[in-house]
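Participant: Contents are mmCIF, C-alpha atoms (C1' of nucleotides); file name work19.cif:
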data_target
#
loop_
_atom_site.group_PDB
_atom_site.id
_atom_site.type_symbol
_atom_site.label_atom_id
_atom_site.label_comp_id
_atom_site.auth_asym_id
_atom_site.auth_seq_id
_atom_site.Cartn_x
_atom_site.Cartn_y
_atom_site.Cartn_z
ATOM 1 C CA MET A 1 0.000 0.000 0.000
ATOM 2 C CA SER A 2 1.212 3.518 -0.760
ATOM 3 C CA LYS A 3 2.994 5.729 1.745
ATOM 4 C CA SER A 4 0.372 7.817 3.435
ATOM 5 C CA ASN A 5 1.196 11.322 4.444
ATOM 6 C CA VAL A 6 -2.146 12.980 4.912
ATOM 7 C CA LEU A 7 -0.867 16.337 3.745
ATOM 8 C CA THR A 8 0.365 15.158 0.392
ATOM 9 C CA LEU A 9 -2.379 12.800 -0.691
ATOM 10 C CA THR A 10 -3.788 13.301 -4.119
ATOM 11 C CA PRO A 11 -7.524 12.706 -4.522
ATOM 12 C CA VAL A 12 -6.772 9.433 -6.223
ATOM 13 C CA GLU A 13 -4.655 8.278 -3.329
ATOM 14 C CA THR A 14 -7.312 9.351 -0.898
ATOM 15 C CA VAL A 15 -9.775 7.026 -2.500
ATOM 16 C CA ALA A 16 -7.335 4.259 -3.211
ATOM 17 C CA CYS A 17 -5.790 4.222 0.220
ATOM 18 C CA CYS A 18 -7.980 1.644 1.814
ATOM 19 C CA SER A 19 -11.299 -0.010 1.835
ATOM 20 C CA PRO A 20 -14.368 1.782 3.181
ATOM 21 C CA LEU A 21 -14.280 -0.678 6.028
ATOM 22 C CA SER A 22 -10.876 0.491 7.199
ATOM 23 C CA ARG A 23 -11.116 4.156 6.221
ATOM 24 C CA GLU A 24 -13.763 5.239 8.671
ATOM 25 C CA PRO A 25 -16.154 3.621 11.137
ATOM 26 C CA LEU A 26 -19.214 2.193 9.471
ATOM 27 C CA SER A 27 -22.456 3.801 10.583
ATOM 28 C CA GLN A 28 -25.065 1.587 12.125
ATOM 29 C CA GLY A 29 -27.374 2.258 9.187
ATOM 30 C CA ALA A 30 -24.737 1.210 6.686
ATOM 31 C CA ALA A 31 -23.948 -1.897 8.687
ATOM 32 C CA ASP A 32 -27.623 -2.796 8.836
ATOM 33 C CA ARG A 33 -27.888 -2.485 5.076
ATOM 34 C CA ILE A 34 -24.715 -4.410 4.262
ATOM 35 C CA ALA A 35 -24.944 -7.275 6.725
ATOM 36 C CA PRO A 36 -27.934 -8.972 5.009
ATOM 37 C CA LEU A 37 -25.947 -9.097 1.769
ATOM 38 C CA LEU A 38 -23.062 -10.836 3.478
ATOM 39 C CA LYS A 39 -25.459 -13.079 5.324
ATOM 40 C CA ALA A 40 -26.937 -14.174 2.027
ATOM 41 C CA LEU A 41 -23.466 -15.135 0.807
ATOM 42 C CA ALA A 42 -22.364 -16.700 4.056
ATOM 43 C CA ASP A 43 -23.545 -20.235 3.397
ATOM 44 C CA PRO A 44 -21.588 -22.965 1.617
ATOM 45 C CA VAL A 45 -24.506 -23.936 -0.610
ATOM 46 C CA ARG A 46 -25.270 -20.357 -1.593
ATOM 47 C CA LEU A 47 -21.601 -19.639 -2.213
ATOM 48 C CA ARG A 48 -21.432 -22.563 -4.600
ATOM 49 C CA LEU A 49 -24.691 -21.513 -6.226
ATOM 50 C CA MET A 50 -23.352 -18.011 -6.848
ATOM 51 C CA SER A 51 -20.141 -19.459 -8.213
ATOM 52 C CA LEU A 52 -21.918 -21.992 -10.418
ATOM 53 C CA ILE A 53 -24.146 -19.303 -11.866
ATOM 54 C CA ALA A 54 -21.474 -16.629 -12.255
ATOM 55 C CA SER A 55 -19.057 -19.004 -13.937
ATOM 56 C CA HIS A 56 -21.665 -20.637 -16.150
ATOM 57 C CA ALA A 57 -21.655 -20.019 -19.881
ATOM 58 C CA GLY A 58 -23.516 -16.799 -20.629
ATOM 59 C CA GLY A 59 -23.360 -15.744 -17.019
ATOM 60 C CA GLU A 60 -26.633 -17.431 -16.283
ATOM 61 C CA ALA A 61 -27.839 -20.866 -15.274
ATOM 62 C CA CYS A 62 -31.105 -22.748 -15.218
ATOM 63 C CA VAL A 63 -32.332 -24.212 -11.967
ATOM 64 C CA CYS A 64 -32.381 -27.622 -13.566
ATOM 65 C CA ASP A 65 -28.593 -27.381 -13.965
ATOM 66 C CA LEU A 66 -28.146 -26.356 -10.369
ATOM 67 C CA ASN A 67 -30.209 -29.005 -8.623
ATOM 68 C CA ASP A 68 -27.999 -31.807 -9.856
ATOM 69 C CA ALA A 69 -24.863 -30.223 -8.443
ATOM 70 C CA PHE A 70 -26.007 -30.783 -4.874
ATOM 71 C CA ASP A 71 -27.080 -33.617 -2.647
ATOM 72 C CA LEU A 72 -29.996 -31.560 -1.445
ATOM 73 C CA SER A 73 -33.696 -31.626 -2.148
ATOM 74 C CA GLN A 74 -35.170 -29.423 -4.847
ATOM 75 C CA PRO A 75 -37.095 -27.249 -2.357
ATOM 76 C CA THR A 76 -33.895 -26.572 -0.463
ATOM 77 C CA ILE A 77 -32.112 -25.315 -3.562
ATOM 78 C CA SER A 78 -35.160 -23.251 -4.435
ATOM 79 C CA HIS A 79 -35.055 -21.746 -0.970
ATOM 80 C CA HIS A 80 -31.398 -20.764 -1.272
ATOM 81 C CA LEU A 81 -31.985 -19.227 -4.680
ATOM 82 C CA LYS A 82 -34.811 -17.199 -3.220
ATOM 83 C CA VAL A 83 -32.554 -15.891 -0.459
ATOM 84 C CA LEU A 84 -29.921 -14.839 -2.988
ATOM 85 C CA HIS A 85 -32.533 -13.281 -5.249
ATOM 86 C CA GLU A 86 -34.272 -11.298 -2.517
ATOM 87 C CA SER A 87 -30.963 -9.973 -1.227
ATOM 88 C CA GLY A 88 -30.233 -8.587 -4.695
ATOM 89 C CA LEU A 89 -27.336 -10.878 -5.514
ATOM 90 C CA LEU A 90 -29.197 -12.823 -8.197
ATOM 91 C CA ASP A 91 -31.494 -11.716 -11.001
ATOM 92 C CA ARG A 92 -34.329 -14.000 -11.987
ATOM 93 C CA GLU A 93 -35.866 -14.541 -15.399
ATOM 94 C CA LYS A 94 -38.475 -17.085 -16.381
ATOM 95 C CA ARG A 95 -38.313 -18.426 -19.911
ATOM 96 C CA GLY A 96 -40.959 -21.026 -20.657
ATOM 97 C CA VAL A 97 -40.932 -23.681 -18.011
ATOM 98 C CA TRP A 98 -37.410 -22.864 -16.953
ATOM 99 C CA VAL A 99 -36.095 -20.213 -14.630
ATOM 100 C CA TYR A 100 -32.704 -18.661 -15.214
ATOM 101 C CA TYR A 101 -30.640 -16.940 -12.569
ATOM 102 C CA ARG A 102 -27.911 -14.420 -13.259
ATOM 103 C CA ALA A 103 -25.378 -12.897 -10.874
ATOM 104 C CA SER A 104 -25.761 -9.205 -10.266
ATOM 105 C CA GLY A 105 -22.223 -7.977 -10.875
ATOM 106 C CA ASP A 106 -22.886 -4.672 -9.159
ATOM 107 C CA ALA A 107 -23.773 -6.237 -5.857
ATOM 108 C CA LEU A 108 -20.668 -8.434 -5.868
ATOM 109 C CA THR A 109 -18.195 -5.681 -6.777
ATOM 110 C CA GLY A 110 -19.875 -3.410 -4.262
ATOM 111 C CA LEU A 111 -19.286 -5.921 -1.533
ATOM 112 C CA ALA A 112 -15.708 -6.526 -2.629
ATOM 113 C CA THR A 113 -14.759 -2.854 -2.611
ATOM 114 C CA LEU A 114 -16.391 -2.423 0.747
ATOM 115 C CA ILE A 115 -14.462 -5.231 2.328
ATOM 116 C CA GLY A 116 -11.054 -4.490 1.006
ATOM 117 C CA ASN A 117 -10.535 -4.250 -2.706
ATOM 118 C CA THR A 118 -8.245 -1.387 -3.556
ATOM 119 C CA ALA A 119 -8.933 -1.800 -7.230
ATOM 120 C CA PRO A 120 -9.836 1.372 -9.141
ATOM 121 C CA MET B 1 -0.091 -20.039 12.381
ATOM 122 C CA SER B 2 -2.777 -22.604 12.007
ATOM 123 C CA LYS B 3 -5.532 -20.435 10.607
ATOM 124 C CA SER B 4 -3.319 -17.785 9.073
ATOM 125 C CA ASN B 5 -4.326 -18.378 5.496
ATOM 126 C CA VAL B 6 -7.781 -19.787 5.271
ATOM 127 C CA LEU B 7 -8.218 -18.587 1.736
ATOM 128 C CA THR B 8 -5.465 -20.539 0.135
ATOM 129 C CA LEU B 9 -6.160 -21.127 -3.507
ATOM 130 C CA THR B 10 -4.793 -23.719 -5.810
ATOM 131 C CA PRO B 11 -2.259 -22.480 -8.366
ATOM 132 C CA VAL B 12 -4.872 -22.677 -11.076
ATOM 133 C CA GLU B 13 -7.199 -20.513 -9.097
ATOM 134 C CA THR B 14 -4.631 -17.820 -8.513
ATOM 135 C CA VAL B 15 -3.834 -17.082 -12.109
ATOM 136 C CA ALA B 16 -6.720 -15.820 -14.023
ATOM 137 C CA CYS B 17 -8.789 -12.975 -15.243
ATOM 138 C CA CYS B 18 -11.587 -12.543 -12.829
ATOM 139 C CA SER B 19 -12.658 -13.310 -9.339
ATOM 140 C CA PRO B 20 -12.497 -16.941 -8.233
ATOM 141 C CA LEU B 21 -16.207 -16.832 -7.658
ATOM 142 C CA SER B 22 -17.027 -16.144 -11.287
ATOM 143 C CA ARG B 23 -14.167 -17.944 -12.944
ATOM 144 C CA GLU B 24 -15.012 -21.501 -12.089
ATOM 145 C CA PRO B 25 -17.397 -23.337 -9.799
ATOM 146 C CA LEU B 26 -16.281 -23.298 -6.209
ATOM 147 C CA SER B 27 -15.578 -26.740 -4.807
ATOM 148 C CA GLN B 28 -17.541 -27.833 -1.807
ATOM 149 C CA GLY B 29 -14.386 -27.876 0.257
ATOM 150 C CA ALA B 30 -13.528 -24.308 -0.674
ATOM 151 C CA ALA B 31 -17.081 -23.186 0.029
ATOM 152 C CA ASP B 32 -16.976 -24.876 3.407
ATOM 153 C CA ARG B 33 -13.778 -23.059 4.279
ATOM 154 C CA ILE B 34 -14.865 -19.639 3.053
ATOM 155 C CA ALA B 35 -18.446 -19.514 4.314
ATOM 156 C CA PRO B 36 -17.479 -19.283 8.000
ATOM 157 C CA LEU B 37 -15.386 -16.216 7.249
ATOM 158 C CA LEU B 38 -18.319 -14.502 5.579
ATOM 159 C CA LYS B 39 -20.604 -15.635 8.359
ATOM 160 C CA ALA B 40 -18.325 -13.984 10.871
ATOM 161 C CA LEU B 41 -18.612 -10.730 8.962
ATOM 162 C CA ALA B 42 -22.317 -11.027 8.267
ATOM 163 C CA ASP B 43 -23.598 -9.303 11.368
ATOM 164 C CA PRO B 44 -24.173 -5.567 11.784
ATOM 165 C CA VAL B 45 -22.387 -5.420 15.119
ATOM 166 C CA ARG B 46 -19.387 -7.382 13.890
ATOM 167 C CA LEU B 47 -19.204 -5.301 10.710
ATOM 168 C CA ARG B 48 -19.044 -2.143 12.792
ATOM 169 C CA LEU B 49 -16.493 -3.733 15.125
ATOM 170 C CA MET B 50 -14.245 -4.629 12.203
ATOM 171 C CA SER B 51 -14.629 -1.141 10.813
ATOM 172 C CA LEU B 52 -13.997 0.557 14.141
ATOM 173 C CA ILE B 53 -10.855 -1.479 14.687
ATOM 174 C CA ALA B 54 -9.532 -1.260 11.146
ATOM 175 C CA SER B 55 -10.039 2.488 10.973
ATOM 176 C CA HIS B 56 -8.719 3.176 14.446
ATOM 177 C CA ALA B 57 -5.414 4.943 14.925
ATOM 178 C CA GLY B 58 -2.576 2.448 14.722
ATOM 179 C CA GLY B 59 -4.858 -0.154 13.192
ATOM 180 C CA GLU B 60 -5.797 -1.510 16.568
ATOM 181 C CA ALA B 61 -8.329 -0.790 19.263
ATOM 182 C CA CYS B 62 -8.805 -1.639 22.900
ATOM 183 C CA VAL B 63 -11.977 -3.374 23.970
ATOM 184 C CA CYS B 64 -12.690 -0.489 26.321
ATOM 185 C CA ASP B 65 -12.991 1.807 23.312
ATOM 186 C CA LEU B 66 -15.332 -0.576 21.551
ATOM 187 C CA ASN B 67 -17.829 -1.242 24.306
ATOM 188 C CA ASP B 68 -18.912 2.374 24.453
ATOM 189 C CA ALA B 69 -19.749 2.469 20.763
ATOM 190 C CA PHE B 70 -22.664 0.099 21.187
ATOM 191 C CA ASP B 71 -25.866 -0.156 23.164
ATOM 192 C CA LEU B 72 -25.012 -3.737 24.014
ATOM 193 C CA SER B 73 -23.752 -5.449 27.111
ATOM 194 C CA GLN B 74 -20.045 -6.045 27.596
ATOM 195 C CA PRO B 75 -20.395 -9.848 27.332
ATOM 196 C CA THR B 76 -22.131 -9.458 24.006
ATOM 197 C CA ILE B 77 -19.308 -7.369 22.554
ATOM 198 C CA SER B 78 -16.826 -9.835 23.961
ATOM 199 C CA HIS B 79 -18.723 -12.632 22.252
ATOM 200 C CA HIS B 80 -18.639 -10.897 18.868
ATOM 201 C CA LEU B 81 -14.934 -10.180 19.206
ATOM 202 C CA LYS B 82 -14.365 -13.837 19.947
ATOM 203 C CA VAL B 83 -16.233 -14.851 16.813
ATOM 204 C CA LEU B 84 -14.146 -12.491 14.694
ATOM 205 C CA HIS B 85 -10.935 -13.634 16.365
ATOM 206 C CA GLU B 86 -11.617 -17.339 15.994
ATOM 207 C CA SER B 87 -12.511 -16.901 12.339
ATOM 208 C CA GLY B 88 -9.121 -15.316 11.748
ATOM 209 C CA LEU B 89 -10.367 -11.829 10.957
ATOM 210 C CA LEU B 90 -8.991 -10.265 14.127
ATOM 211 C CA ASP B 91 -5.693 -10.656 15.935
ATOM 212 C CA ARG B 92 -5.665 -10.412 19.723
ATOM 213 C CA GLU B 93 -2.976 -9.086 22.008
ATOM 214 C CA LYS B 94 -3.121 -8.558 25.740
ATOM 215 C CA ARG B 95 -1.133 -5.646 27.161
ATOM 216 C CA GLY B 96 -1.464 -5.252 30.868
ATOM 217 C CA VAL B 97 -5.115 -5.159 31.786
ATOM 218 C CA TRP B 98 -6.196 -4.216 28.313
ATOM 219 C CA VAL B 99 -6.781 -6.327 25.247
ATOM 220 C CA TYR B 100 -6.127 -4.932 21.806
ATOM 221 C CA TYR B 101 -7.630 -6.237 18.611
ATOM 222 C CA ARG B 102 -6.175 -5.704 15.170
ATOM 223 C CA ALA B 103 -7.675 -6.461 11.777
ATOM 224 C CA SER B 104 -5.947 -9.170 9.803
ATOM 225 C CA GLY B 105 -5.483 -7.441 6.471
ATOM 226 C CA ASP B 106 -4.776 -10.693 4.691
ATOM 227 C CA ALA B 107 -8.124 -12.206 5.517
ATOM 228 C CA LEU B 108 -10.012 -9.130 4.392
ATOM 229 C CA THR B 109 -8.239 -8.669 1.078
ATOM 230 C CA GLY B 110 -8.505 -12.393 0.493
ATOM 231 C CA LEU B 111 -12.233 -12.250 0.880
ATOM 232 C CA ALA B 112 -12.471 -9.181 -1.317
ATOM 233 C CA THR B 113 -10.549 -10.706 -4.193
ATOM 234 C CA LEU B 114 -12.569 -13.860 -3.879
ATOM 235 C CA ILE B 115 -15.845 -12.025 -4.201
ATOM 236 C CA GLY B 116 -14.714 -9.188 -6.404
ATOM 237 C CA ASN B 117 -15.375 -8.996 -10.055
ATOM 238 C CA THR B 118 -12.952 -7.673 -12.620
ATOM 239 C CA ALA B 119 -15.626 -8.207 -15.150
ATOM 240 C CA PRO B 120 -14.548 -9.620 -18.487
ATOM 241 C "C1'" DA C 1 -4.205 -9.133 51.328
ATOM 242 C "C1'" DC C 2 -7.885 -6.395 49.690
ATOM 243 C "C1'" DT C 3 -10.132 -3.789 46.388
ATOM 244 C "C1'" DA C 4 -10.981 -2.060 41.821
ATOM 245 C "C1'" DC C 5 -10.932 -2.725 37.071
ATOM 246 C "C1'" DA C 6 -10.894 -5.014 32.246
ATOM 247 C "C1'" DC C 7 -12.277 -8.694 29.993
ATOM 248 C "C1'" DA C 8 -13.884 -13.613 29.363
ATOM 249 C "C1'" DT C 9 -16.936 -17.495 30.261
ATOM 250 C "C1'" DC C 10 -21.323 -19.709 31.567
ATOM 251 C "C1'" DG C 11 -26.235 -20.727 31.449
ATOM 252 C "C1'" DA C 12 -30.557 -19.497 29.858
ATOM 253 C "C1'" DC C 13 -33.873 -17.396 26.795
ATOM 254 C "C1'" DG C 14 -36.267 -16.398 22.423
ATOM 255 C "C1'" DT C 15 -35.458 -16.000 17.547
ATOM 256 C "C1'" DC C 16 -33.627 -17.158 13.154
ATOM 257 C "C1'" DT C 17 -31.999 -20.784 9.733
ATOM 258 C "C1'" DG C 18 -31.318 -24.998 6.866
ATOM 259 C "C1'" DT C 19 -33.508 -28.965 5.654
ATOM 260 C "C1'" DC C 20 -37.108 -32.123 4.240
ATOM 261 C "C1'" DA C 21 -41.765 -34.213 2.671
ATOM 262 C "C1'" DA C 22 -45.967 -32.833 0.933
ATOM 263 C "C1'" DT C 23 -48.477 -29.838 -1.870
ATOM 264 C "C1'" DA C 24 -49.365 -25.990 -5.033
ATOM 265 C "C1'" DT C 25 -48.499 -23.360 -9.340
ATOM 266 C "C1'" DT C 26 -47.278 -22.659 -13.880
ATOM 267 C "C1'" DG C 27 -46.197 -23.831 -18.775
ATOM 268 C "C1'" DA C 28 -45.902 -27.211 -22.562
ATOM 269 C "C1'" DT C 29 -47.764 -31.081 -24.945
ATOM 270 C "C1'" DG C 30 -50.685 -34.853 -26.302
ATOM 271 C "C1'" DC D 1 -58.885 -31.074 -21.112
ATOM 272 C "C1'" DA D 2 -55.593 -34.188 -18.942
ATOM 273 C "C1'" DT D 3 -51.147 -34.907 -17.893
ATOM 274 C "C1'" DC D 4 -46.477 -34.316 -17.183
ATOM 275 C "C1'" DA D 5 -42.320 -31.571 -16.062
ATOM 276 C "C1'" DA D 6 -40.031 -27.556 -13.750
ATOM 277 C "C1'" DT D 7 -40.158 -24.456 -9.700
ATOM 278 C "C1'" DA D 8 -42.183 -22.476 -5.835
ATOM 279 C "C1'" DT D 9 -44.630 -22.535 -1.392
ATOM 280 C "C1'" DT D 10 -46.009 -24.450 3.051
ATOM 281 C "C1'" DG D 11 -45.442 -26.579 7.534
ATOM 282 C "C1'" DA D 12 -42.604 -28.824 10.668
ATOM 283 C "C1'" DC D 13 -38.478 -29.657 13.243
ATOM 284 C "C1'" DA D 14 -33.668 -29.694 14.989
ATOM 285 C "C1'" DG D 15 -29.881 -26.944 15.524
ATOM 286 C "C1'" DA D 16 -27.446 -22.514 15.432
ATOM 287 C "C1'" DC D 17 -27.380 -17.599 16.820
ATOM 288 C "C1'" DG D 18 -27.652 -13.029 19.451
ATOM 289 C "C1'" DT D 19 -28.460 -11.296 23.780
ATOM 290 C "C1'" DC D 20 -28.466 -10.846 28.674
ATOM 291 C "C1'" DG D 21 -27.339 -11.324 33.854
ATOM 292 C "C1'" DA D 22 -24.349 -13.639 36.842
ATOM 293 C "C1'" DT D 23 -19.982 -15.227 37.658
ATOM 294 C "C1'" DG D 24 -14.997 -16.233 36.842
ATOM 295 C "C1'" DT D 25 -10.059 -14.760 35.807
ATOM 296 C "C1'" DG D 26 -6.251 -12.041 35.723
ATOM 297 C "C1'" DT D 27 -3.808 -7.528 36.598
ATOM 298 C "C1'" DA D 28 -2.683 -3.169 38.950
ATOM 299 C "C1'" DG D 29 -2.736 -0.194 42.859
ATOM 300 C "C1'" DT D 30 -3.327 0.776 47.965
#
Kindly return the structure encoded in the file as structure tokens.

Facilitator:
Amino acid sequence: MSKSNVLTLTPVETVACCSPLSREPLSQGAADRIAPLLKALADPVRLRLMSLIASHAGGEACVCDLNDAFDLSQPTISHHLKVLHESGLLDREKRGVWVYYRASGDALTGLATLIGNTAP
Amino acid sequence: MSKSNVLTLTPVETVACCSPLSREPLSQGAADRIAPLLKALADPVRLRLMSLIASHAGGEACVCDLNDAFDLSQPTISHHLKVLHESGLLDREKRGVWVYYRASGDALTGLATLIGNTAP
DNA sequence: ACTACACATCGACGTCTGTCAATATTGATG
DNA sequence: CATCAATATTGACAGACGTCGATGTGTAGT
């Protein structure tokens, strides 16, 4: 990380210095808004679901593809997808009998920059 | 040193274009290792604790400073700090009567790069 | 030693969560 | 219309979680 003398920081350096989490104390309101997002991600099944969908061809995946990847019942997978969808991490689109889920890139990058990404 | 690098990735995983999450499906083992870290962060109080500590002067904070920032009992704060410490997100050091916590930068940036998207 | 202080642990409580079997809903097809 | 296939919803249950008051542990000062 770059040398930080507060007096000589350019605007770019000010932003790039550290993650929002370590730049200033998070307000309670912000924490209350962000925690549910992390909570939605903080489950092994949902993590794998996000990864399966995000890495799938076309950036989207049908539920039928996802069910087979787990040793869990169909309602359980449906439940996890609902959690991810309602938290804003997954977009949902019904095409015919099938339902396709797509990762919301904004939500993911938002989380990453909050936690610690110093990427521009 | 046991939990120092919970986010270890295979060589293949470390190379590529975008975040591990969207590059290839996460293995169950990886998901099982990463989810607890996110779970530790996925609470409003713990998010604010991490932020308070990480943004505090010197990168560390004494428990006495943290208790006053919340409307919660001292045992509750102690409990949350323990969760963050045992997950590897916080380092603990006792100096005299006081205990100082420090954010483990590695764990945070690891999580961020895992989640983050350098969209293709 | 005794007291005061900083922090951790324990035990108990209500609430939230992950999972399943059973059932409902919706769309395609004969 | 009747039926099947793909998802979602419901209800139930065990286990995990956040919180508190009470208590324990260790350190410093008198």

Participant: For a cutoff of 12 Å around the file-coordinate point (-15.5, -4.7, 28.4), which residues qualify once you count only C-alpha atoms (C1' of nucleotides)? I'd like the result as a PyMOL selection string.

Facilitator: (chain B and resi 62-70+72-81+97-100) or (chain C and resi 5-8)

Participant: The PyMOL selection byres ((chain D and resi 8-12) around 8) on the file shown: which residues, as JSON, numbers by chain?

Facilitator: {"A": [75, 78], "C": [23, 24, 25], "D": [7, 13]}

Participant: With the PyMOL selection byres ((chain A and resi 111) around 8) as the selection, what would be picked from this file? Answer as a list in words, please.

Facilitator: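 With the shown file as input, the PyMOL selection byres ((chain A and resi 111) around 8) matches Leu38, Ala107, Leu108, Thr109, Gly110, Ala112, Thr113, Leu114 and Ile115 of chain A; Ala112, Ile115 and Gly116 of chain B.
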
Participant: Is it possible to get the superposed chain B, fitted on chain A over all Cα pairs by sequence order, as a compact mmCIF listing (two decimals) with C-alpha atoms, in the frame of the given file?

Facilitator:
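Result saved to part_10.txt:
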# COMPACT_ATOMS: atom_id res chain seq x y z
CA MET B 1 -30.12 1.35 -10.08
CA SER B 2 -30.85 1.81 -6.44
CA LYS B 3 -28.46 -0.72 -4.99
CA SER B 4 -25.98 -0.73 -7.84
CA ASN B 5 -23.05 0.60 -5.89
CA VAL B 6 -23.33 -0.26 -2.27
CA LEU B 7 -19.62 0.09 -1.73
CA THR B 8 -19.27 3.70 -2.61
CA LEU B 9 -16.29 5.23 -0.91
CA THR B 10 -15.54 8.80 -0.16
CA PRO B 11 -12.84 10.40 -2.31
CA VAL B 12 -10.40 10.18 0.56
CA GLU B 13 -11.01 6.50 0.90
CA THR B 14 -10.41 5.79 -2.75
CA VAL B 15 -6.93 7.19 -2.98
CA ALA B 16 -4.50 5.45 -0.82
CA CYS B 17 -1.99 2.75 -0.33
CA CYS B 18 -3.77 -0.14 1.20
CA SER B 19 -7.15 -1.63 1.69
CA PRO B 20 -9.83 0.60 3.20
CA LEU B 21 -10.09 -1.82 6.06
CA SER B 22 -6.53 -1.28 7.20
CA ARG B 23 -6.05 2.31 6.16
CA GLU B 24 -8.43 4.02 8.52
CA PRO B 25 -11.18 3.04 10.92
CA LEU B 26 -14.39 2.16 9.16
CA SER B 27 -17.27 4.44 10.06
CA GLN B 28 -20.33 2.88 11.56
CA GLY B 29 -22.33 3.84 8.52
CA ALA B 30 -19.89 2.16 6.17
CA ALA B 31 -19.80 -0.94 8.35
CA ASP B 32 -23.58 -1.06 8.38
CA ARG B 33 -23.67 -0.91 4.60
CA ILE B 34 -20.93 -3.46 3.99
CA ALA B 35 -21.80 -6.10 6.59
CA PRO B 36 -24.99 -7.23 4.83
CA LEU B 37 -23.01 -7.93 1.68
CA LEU B 38 -20.58 -10.13 3.58
CA LYS B 39 -23.44 -11.75 5.42
CA ALA B 40 -25.01 -12.68 2.12
CA LEU B 41 -21.79 -14.38 1.09
CA ALA B 42 -21.12 -15.98 4.45
CA ASP B 43 -22.98 -19.21 3.90
CA PRO B 44 -21.58 -22.38 2.33
CA VAL B 45 -24.54 -22.84 0.03
CA ARG B 46 -24.53 -19.24 -1.14
CA LEU B 47 -20.76 -19.31 -1.65
CA ARG B 48 -21.13 -22.33 -3.90
CA LEU B 49 -24.07 -20.71 -5.70
CA MET B 50 -22.03 -17.60 -6.42
CA SER B 51 -19.15 -19.74 -7.60
CA LEU B 52 -21.33 -21.96 -9.76
CA ILE B 53 -22.92 -18.95 -11.41
CA ALA B 54 -19.77 -16.90 -11.81
CA SER B 55 -17.84 -19.80 -13.31
CA HIS B 56 -20.65 -20.97 -15.54
CA ALA B 57 -20.42 -20.56 -19.29
CA GLY B 58 -21.55 -17.09 -20.28
CA GLY B 59 -21.30 -15.89 -16.70
CA GLU B 60 -24.86 -16.84 -15.99
CA ALA B 61 -26.77 -19.90 -14.89
CA CYS B 62 -30.36 -21.06 -14.88
CA VAL B 63 -31.94 -22.06 -11.61
CA CYS B 64 -32.64 -25.49 -13.06
CA ASP B 65 -28.89 -26.06 -13.33
CA LEU B 66 -28.33 -24.96 -9.76
CA ASN B 67 -30.94 -27.03 -7.98
CA ASP B 68 -29.32 -30.29 -9.01
CA ALA B 69 -25.98 -29.31 -7.53
CA PHE B 70 -27.31 -29.44 -3.99
CA ASP B 71 -29.00 -31.88 -1.68
CA LEU B 72 -31.47 -29.19 -0.71
CA SER B 73 -35.07 -28.53 -1.55
CA GLN B 74 -35.97 -26.21 -4.40
CA PRO B 75 -37.50 -23.58 -2.07
CA THR B 76 -34.29 -23.47 -0.09
CA ILE B 77 -32.18 -22.77 -3.18
CA SER B 78 -34.70 -20.18 -4.25
CA HIS B 79 -34.40 -18.55 -0.85
CA HIS B 80 -30.61 -18.35 -1.05
CA LEU B 81 -30.76 -16.91 -4.55
CA LYS B 82 -33.16 -14.28 -3.28
CA VAL B 83 -30.77 -13.32 -0.50
CA LEU B 84 -27.90 -12.95 -2.97
CA HIS B 85 -30.08 -11.01 -5.39
CA GLU B 86 -31.45 -8.59 -2.82
CA SER B 87 -27.97 -7.91 -1.48
CA GLY B 88 -26.88 -6.88 -4.96
CA LEU B 89 -24.49 -9.75 -5.57
CA LEU B 90 -26.63 -11.39 -8.24
CA ASP B 91 -28.58 -9.99 -11.16
CA ARG B 92 -31.81 -11.71 -12.17
CA GLU B 93 -33.35 -12.07 -15.59
CA LYS B 94 -36.39 -14.07 -16.60
CA ARG B 95 -36.39 -15.61 -20.07
CA GLY B 96 -39.46 -17.60 -20.85
CA VAL B 97 -40.04 -20.11 -18.10
CA TRP B 98 -36.47 -19.97 -16.91
CA VAL B 99 -34.72 -17.53 -14.64
CA TYR B 100 -31.07 -16.74 -15.12
CA TYR B 101 -28.78 -15.34 -12.48
CA ARG B 102 -25.57 -13.49 -13.17
CA ALA B 103 -22.85 -12.40 -10.77
CA SER B 104 -22.46 -8.67 -10.33
CA GLY B 105 -18.74 -8.27 -10.86
CA ASP B 106 -18.72 -4.82 -9.34
CA ALA B 107 -19.98 -5.97 -5.99
CA LEU B 108 -17.46 -8.77 -5.78
CA THR B 109 -14.41 -6.74 -6.73
CA GLY B 110 -15.62 -3.99 -4.44
CA LEU B 111 -15.70 -6.36 -1.53
CA ALA B 112 -12.31 -7.78 -2.44
CA THR B 113 -10.59 -4.42 -2.57
CA LEU B 114 -12.23 -3.44 0.66
CA ILE B 115 -10.92 -6.47 2.48
CA GLY B 116 -7.71 -6.95 0.57
CA ASN B 117 -4.36 -5.96 1.84
CA THR B 118 -1.61 -4.48 -0.26
CA ALA B 119 0.52 -4.57 2.79
CA PRO B 120 2.75 -1.57 3.40

Participant: Take every atom of range 13-27 of chain D listed in the file, fit an axis-aligned box around them, add 4 Å per side, and give the centre and edge lengths in Å to one decimal as JSON.

Facilitator:
{"center_x": -21.1, "center_y": -18.6, "center_z": 25.5, "size_x": 42.7, "size_y": 30.2, "size_z": 32.4}

Participant: Residues picked by the PyMOL selection byres ((chain C) within 10 of (chain A)) here, as a PyMOL selection string?

Facilitator: chain C and resi 18-21+26-28

Participant: Measure the distance from CA of Lys82 in chain B to CA of Pro44 in chain B in Å and round it to one decimal.

Facilitator: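 Separation of CA of Lys82 in chain B and CA of Pro44 in chain B: 15.2 Å.
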
Participant: Scan for residues within 12 Å of the point (-21.1, -11.4, 39.6) in the coordinates of the file, using all atoms listed in the file, and reply as a PyMOL selection string.

Facilitator: (chain C and resi 9-10) or (chain D and resi 21-24)

Participant: Mind pulling up the distance from C1' of DA28 in chain D to CA of Ala57 in chain B?

Facilitator: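 About the pair CA of Ala57 in chain B and C1' of DA28 in chain D: they are 25.5 Å apart.
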